[in-house]
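Take a look at the structure set out below.
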Amino acid sequence: MDGNITSRQRKNSSTFVKAVKDIAGKGKICILDIEMEGVKQVKRTDLNARFLFLAPPSLEELERRLRGRGTETEDSMNKRLAQAKNELEYAKQPGAHDKIVVNDDLDRAYAEMRDWIVDGGKFGATA
């Protein structure tokens, strides 16, 4: 997105914000699986969101895992790794995310994510 918001984008954004607020208003935790650009967009709303970044142990490990799945073409692999590199660089910026969980052990990473999400309170709670 180039910074200009069309009326369609405004409508979609306001619909999105309303949907998230409706979920939170029911006392539920709303979890969004979004990339870096989505994080930036949500930060521009009035949602009091908290941001968790699930990071691979390294780009090399991410590549190994993706290749092991056998679901990526070489082109899609290169695109995913380039995007992951950008996401990891963004995650290093102060304030980009409230919590970073390194997925080096599935059980530990899951427990850390679950505890932060559930024990951290409902959507919009402060950390």
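Letters A, B, ... mark the chains of the structure tokens in the order given; residue numbers begin at 1 per chain; ligand numbers begin at 1, in order shown.
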**OP:** Using only C-alpha atoms, determine which residues lie at most 12 Å from region 71-86 of chain A, disregarding the query and same-chain residues fewer than 2 positions distant; provide the list as a list in words.
**Re:**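 Counting only the stated atoms, we get Glu35, Met36, Glu37, Phe53, Leu54, Ala55, Pro56, Pro57, Ser58, Leu59, Glu60, Glu61, Leu62, Glu63, Arg64, Arg65, Leu66, Arg67, Gly68, Arg69, Leu88, Glu89, Tyr90, Ala91, Lys92 and Gln93 of chain A.
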Original post:
Out of region 10-105 of chain A, which residues get helix (DSSP H, G or I) from DSSP, as JSON, numbers by chain?
Top reply: {"A": [10, 11, 12, 13, 14, 15, 16, 17, 18, 19, 20, 21, 22, 23, 24, 25, 36, 37, 38, 39, 40, 41, 42, 43, 59, 60, 61, 62, 63, 64, 65, 66, 67, 68, 69, 74, 75, 76, 77, 78, 79, 80, 81, 82, 83, 84, 85, 86, 87, 88, 89, 90, 91]}
**OP:** Name all residues at most 10 Å from Met113 (chain A) (count only C-alpha atoms; drop same-chain ones fewer than 5 positions away) and give them as a VMD selection string.
**Re:** chain A and resid 52 to 54 99 to 103 107 to 108 118 to 119
For C-alpha atoms, I'd like the residues from the last selection saved as a PDB file, in the first residue's frame.
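The resulting result.pdb:
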```pdb
ATOM      1  CA  LEU A  52       3.080 -11.271  19.169  1.00  0.00           C
ATOM      2  CA  PHE A  53       5.699 -12.310  16.617  1.00  0.00           C
ATOM      3  CA  LEU A  54       6.391 -16.021  16.185  1.00  0.00           C
ATOM      4  CA  LYS A  99       6.223 -10.216  22.526  1.00  0.00           C
ATOM      5  CA  ILE A 100       8.543 -12.338  20.400  1.00  0.00           C
ATOM      6  CA  VAL A 101       8.408 -16.106  20.725  1.00  0.00           C
ATOM      7  CA  VAL A 102      11.155 -18.124  19.037  1.00  0.00           C
ATOM      8  CA  ASN A 103       9.769 -21.375  17.674  1.00  0.00           C
ATOM      9  CA  ASP A 107       5.818 -27.413  23.029  1.00  0.00           C
ATOM     10  CA  ARG A 108       7.669 -24.556  24.720  1.00  0.00           C
ATOM     11  CA  VAL A 118      -4.631 -16.162  27.697  1.00  0.00           C
ATOM     12  CA  ASP A 119      -2.952 -14.853  30.842  1.00  0.00           C
TER      13      ASP A 119
END
```
Original post:
Any idea what the distance is between CA of Gly25 (chain A) and CA of Asp98 (chain A)?
Top reply: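 Result for CA of Gly25 (chain A) versus CA of Asp98 (chain A): 22.1 Å, one decimal.
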Subject >> Nearest residue to Lys40 (chain A) from the set A:Gly70, A:Gly27, A:Gly95, A:Gly120 (distances using only C-alpha atoms) >> reply: A:Gly95
Subject >> Pick from A:Ile23, A:Ala49, A:Val17, A:Val42 nearest to Ile117 (chain A), counting only C-alpha atoms >> reply: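 Closest residue, counting only C-alpha atoms: A:Ala49.
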